[in-house]
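Engineer: Let me give you the structure first, and then I'll get to my questions.
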Amino acid sequence: MQLTLIFGILFAIGAVLFALQNITAVTVTLAAWSFEGSLALVLLVSVGLGVLIAGLLSSPTVIRGRWTVTRLTRQVAELERKLAASEKKVGDLSVELESIRPLTPESLAMEAARQKTYTGLRTLLSPNKKDKRPTV
């Protein structure tokens with residue numbers, strides 16, 4: 001934003017210097033309309049009209065882009081809220097499942113097998129056959 005302001009000020013200074021150096025009178029005629037003024041004034045008015053027309057033509061695209069960003073920002077916030085709610089629900093259901101799961105011999109055996117320590121290849125191939133499990 002500040003860089004744009006600096007360029008605008010530099011352009012204005014350049015335009016003023018241009019206007020002071022080009023004071024020759026010219027006549028601009030368009031159909032039945034005729035205008036007489038300095039060369040600098042005619043050029044500055046035409047540049048100003050060009051900037052105005054470009055701004056008016058590009059403003060719908062800029063506005064549409066801002067609306068899209070706003071809509072997508074709201075959508076991301078909504079999806080993040082839903083994700084947090086879903087993760088909380090999964091956590092609550094996991095706790096509930098653990099509390100109501102029956103402790104059958106099969107489930108106890110599966111839990112013990114899951115917590116079983118790893119037996120490495122070196123331990124299996126060692127000459128000491130009494131204890132195949134490493135000490136932890």
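Ligands are numbered from 1 in the order shown, residues from 1 within each chain, and chains are lettered A, B, ... in the order they appear in the structure tokens.
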Could you pull out the alpha helix (DSSP H) residues of stretch 19-58 of chain A from DSSP and send them as a PDB file with N, CA and C atoms, in the first residue's frame?
Structural biologist:
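Saved as states-v2.pdb:
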ATOM      1  N   ALA A  19       3.669  19.244 -17.138  1.00  0.00           N
ATOM      2  CA  ALA A  19       2.742  20.338 -17.431  1.00  0.00           C
ATOM      3  C   ALA A  19       3.453  21.682 -17.484  1.00  0.00           C
ATOM      4  N   LEU A  20       4.443  21.881 -16.647  1.00  0.00           N
ATOM      5  CA  LEU A  20       5.179  23.146 -16.646  1.00  0.00           C
ATOM      6  C   LEU A  20       6.054  23.302 -17.890  1.00  0.00           C
ATOM      7  N   GLN A  21       6.485  22.190 -18.468  1.00  0.00           N
ATOM      8  CA  GLN A  21       7.370  22.267 -19.624  1.00  0.00           C
ATOM      9  C   GLN A  21       6.609  22.262 -20.948  1.00  0.00           C
ATOM     10  N   LEU A  39      -0.970  21.553 -24.222  1.00  0.00           N
ATOM     11  CA  LEU A  39      -0.666  20.155 -24.550  1.00  0.00           C
ATOM     12  C   LEU A  39      -0.632  19.316 -23.279  1.00  0.00           C
ATOM     13  N   ALA A  40      -0.052  19.819 -22.226  1.00  0.00           N
ATOM     14  CA  ALA A  40       0.043  19.082 -20.969  1.00  0.00           C
ATOM     15  C   ALA A  40      -1.338  18.804 -20.387  1.00  0.00           C
ATOM     16  N   LEU A  41      -2.207  19.808 -20.435  1.00  0.00           N
ATOM     17  CA  LEU A  41      -3.557  19.629 -19.898  1.00  0.00           C
ATOM     18  C   LEU A  41      -4.321  18.556 -20.677  1.00  0.00           C
ATOM     19  N   VAL A  42      -4.208  18.602 -21.992  1.00  0.00           N
ATOM     20  CA  VAL A  42      -4.895  17.607 -22.822  1.00  0.00           C
ATOM     21  C   VAL A  42      -4.371  16.206 -22.526  1.00  0.00           C
ATOM     22  N   LEU A  43      -3.053  16.048 -22.409  1.00  0.00           N
ATOM     23  CA  LEU A  43      -2.484  14.727 -22.125  1.00  0.00           C
ATOM     24  C   LEU A  43      -2.841  14.245 -20.715  1.00  0.00           C
ATOM     25  N   LEU A  44      -2.798  15.139 -19.745  1.00  0.00           N
ATOM     26  CA  LEU A  44      -3.141  14.738 -18.379  1.00  0.00           C
ATOM     27  C   LEU A  44      -4.615  14.353 -18.248  1.00  0.00           C
ATOM     28  N   VAL A  45      -5.496  15.086 -18.941  1.00  0.00           N
ATOM     29  CA  VAL A  45      -6.918  14.735 -18.927  1.00  0.00           C
ATOM     30  C   VAL A  45      -7.133  13.377 -19.593  1.00  0.00           C
ATOM     31  N   SER A  46      -6.455  13.125 -20.688  1.00  0.00           N
ATOM     32  CA  SER A  46      -6.622  11.832 -21.366  1.00  0.00           C
ATOM     33  C   SER A  46      -6.069  10.687 -20.518  1.00  0.00           C
ATOM     34  N   VAL A  47      -4.943  10.901 -19.826  1.00  0.00           N
ATOM     35  CA  VAL A  47      -4.413   9.870 -18.924  1.00  0.00           C
ATOM     36  C   VAL A  47      -5.378   9.654 -17.758  1.00  0.00           C
ATOM     37  N   GLY A  48      -5.912  10.721 -17.203  1.00  0.00           N
ATOM     38  CA  GLY A  48      -6.876  10.604 -16.108  1.00  0.00           C
ATOM     39  C   GLY A  48      -8.122   9.831 -16.514  1.00  0.00           C
ATOM     40  N   LEU A  49      -8.634  10.130 -17.720  1.00  0.00           N
ATOM     41  CA  LEU A  49      -9.798   9.383 -18.216  1.00  0.00           C
ATOM     42  C   LEU A  49      -9.461   7.909 -18.430  1.00  0.00           C
ATOM     43  N   GLY A  50      -8.259   7.645 -18.897  1.00  0.00           N
ATOM     44  CA  GLY A  50      -7.827   6.248 -19.079  1.00  0.00           C
ATOM     45  C   GLY A  50      -7.761   5.496 -17.767  1.00  0.00           C
ATOM     46  N   VAL A  51      -7.230   6.141 -16.733  1.00  0.00           N
ATOM     47  CA  VAL A  51      -7.163   5.521 -15.405  1.00  0.00           C
ATOM     48  C   VAL A  51      -8.568   5.282 -14.860  1.00  0.00           C
ATOM     49  N   LEU A  52      -9.460   6.253 -15.044  1.00  0.00           N
ATOM     50  CA  LEU A  52     -10.834   6.118 -14.567  1.00  0.00           C
ATOM     51  C   LEU A  52     -11.550   4.963 -15.265  1.00  0.00           C
ATOM     52  N   ILE A  53     -11.405   4.876 -16.573  1.00  0.00           N
ATOM     53  CA  ILE A  53     -12.049   3.794 -17.325  1.00  0.00           C
ATOM     54  C   ILE A  53     -11.479   2.439 -16.926  1.00  0.00           C
ATOM     55  N   ALA A  54     -10.143   2.344 -16.780  1.00  0.00           N
ATOM     56  CA  ALA A  54      -9.528   1.074 -16.366  1.00  0.00           C
ATOM     57  C   ALA A  54     -10.008   0.664 -14.972  1.00  0.00           C
ATOM     58  N   GLY A  55     -10.118   1.637 -14.066  1.00  0.00           N
ATOM     59  CA  GLY A  55     -10.610   1.338 -12.718  1.00  0.00           C
ATOM     60  C   GLY A  55     -12.044   0.848 -12.722  1.00  0.00           C
ATOM     61  N   LEU A  56     -12.881   1.495 -13.528  1.00  0.00           N
ATOM     62  CA  LEU A  56     -14.290   1.077 -13.603  1.00  0.00           C
ATOM     63  C   LEU A  56     -14.433  -0.304 -14.233  1.00  0.00           C
ATOM     64  N   LEU A  57     -13.604  -0.617 -15.214  1.00  0.00           N
ATOM     65  CA  LEU A  57     -13.693  -1.923 -15.858  1.00  0.00           C
ATOM     66  C   LEU A  57     -13.140  -3.046 -14.987  1.00  0.00           C
ATOM     67  N   SER A  58     -12.158  -2.739 -14.145  1.00  0.00           N
ATOM     68  CA  SER A  58     -11.560  -3.796 -13.322  1.00  0.00           C
ATOM     69  C   SER A  58     -12.240  -3.953 -11.964  1.00  0.00           C
TER      70      SER A  58
END
Engineer: Would you return as a PDB file with N, CA and C atoms, in the first residue's frame the members of stretch 27-110 of chain A that DSSP assigns to strand (DSSP E) on this structure's backbone?
Structural biologist:
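result.pdb, freshly written:
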ATOM      1  N   THR A  27      -5.512  22.201 -30.131  1.00  0.00           N
ATOM      2  CA  THR A  27      -6.958  22.097 -30.268  1.00  0.00           C
ATOM      3  C   THR A  27      -7.311  20.630 -30.482  1.00  0.00           C
ATOM      4  N   VAL A  28      -8.216  20.126 -29.657  1.00  0.00           N
ATOM      5  CA  VAL A  28      -8.688  18.748 -29.791  1.00  0.00           C
ATOM      6  C   VAL A  28     -10.115  18.819 -30.315  1.00  0.00           C
ATOM      7  N   THR A  29     -10.381  18.113 -31.443  1.00  0.00           N
ATOM      8  CA  THR A  29     -11.703  18.116 -32.053  1.00  0.00           C
ATOM      9  C   THR A  29     -12.205  16.680 -32.132  1.00  0.00           C
ATOM     10  N   LEU A  30     -13.406  16.471 -31.650  1.00  0.00           N
ATOM     11  CA  LEU A  30     -14.051  15.163 -31.722  1.00  0.00           C
ATOM     12  C   LEU A  30     -15.485  15.397 -32.159  1.00  0.00           C
ATOM     13  N   TRP A  33     -17.571  18.526 -31.165  1.00  0.00           N
ATOM     14  CA  TRP A  33     -17.008  19.076 -29.938  1.00  0.00           C
ATOM     15  C   TRP A  33     -15.570  19.517 -30.191  1.00  0.00           C
ATOM     16  N   SER A  34     -15.180  20.657 -29.709  1.00  0.00           N
ATOM     17  CA  SER A  34     -13.837  21.186 -29.899  1.00  0.00           C
ATOM     18  C   SER A  34     -13.349  21.754 -28.577  1.00  0.00           C
ATOM     19  N   PHE A  35     -12.080  21.483 -28.269  1.00  0.00           N
ATOM     20  CA  PHE A  35     -11.495  21.940 -27.013  1.00  0.00           C
ATOM     21  C   PHE A  35     -10.108  22.483 -27.294  1.00  0.00           C
ATOM     22  N   GLU A  36      -9.792  23.641 -26.735  1.00  0.00           N
ATOM     23  CA  GLU A  36      -8.468  24.220 -26.919  1.00  0.00           C
ATOM     24  C   GLU A  36      -7.841  24.420 -25.544  1.00  0.00           C
ATOM     25  N   GLY A  37      -6.602  23.926 -25.381  1.00  0.00           N
ATOM     26  CA  GLY A  37      -5.894  24.048 -24.107  1.00  0.00           C
ATOM     27  C   GLY A  37      -4.431  23.706 -24.305  1.00  0.00           C
ATOM     28  N   SER A  38      -3.688  23.708 -23.242  1.00  0.00           N
ATOM     29  CA  SER A  38      -2.268  23.389 -23.352  1.00  0.00           C
ATOM     30  C   SER A  38      -2.099  21.892 -23.620  1.00  0.00           C
TER      31      SER A  38
END
Engineer: Between atom CA of A:Ser59 and atom CA of A:Arg71, measure the distance and give it in Å to one decimal.
Structural biologist: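 Between atom CA of A:Ser59 and atom CA of A:Arg71 the gap works out to 18.2 Å.
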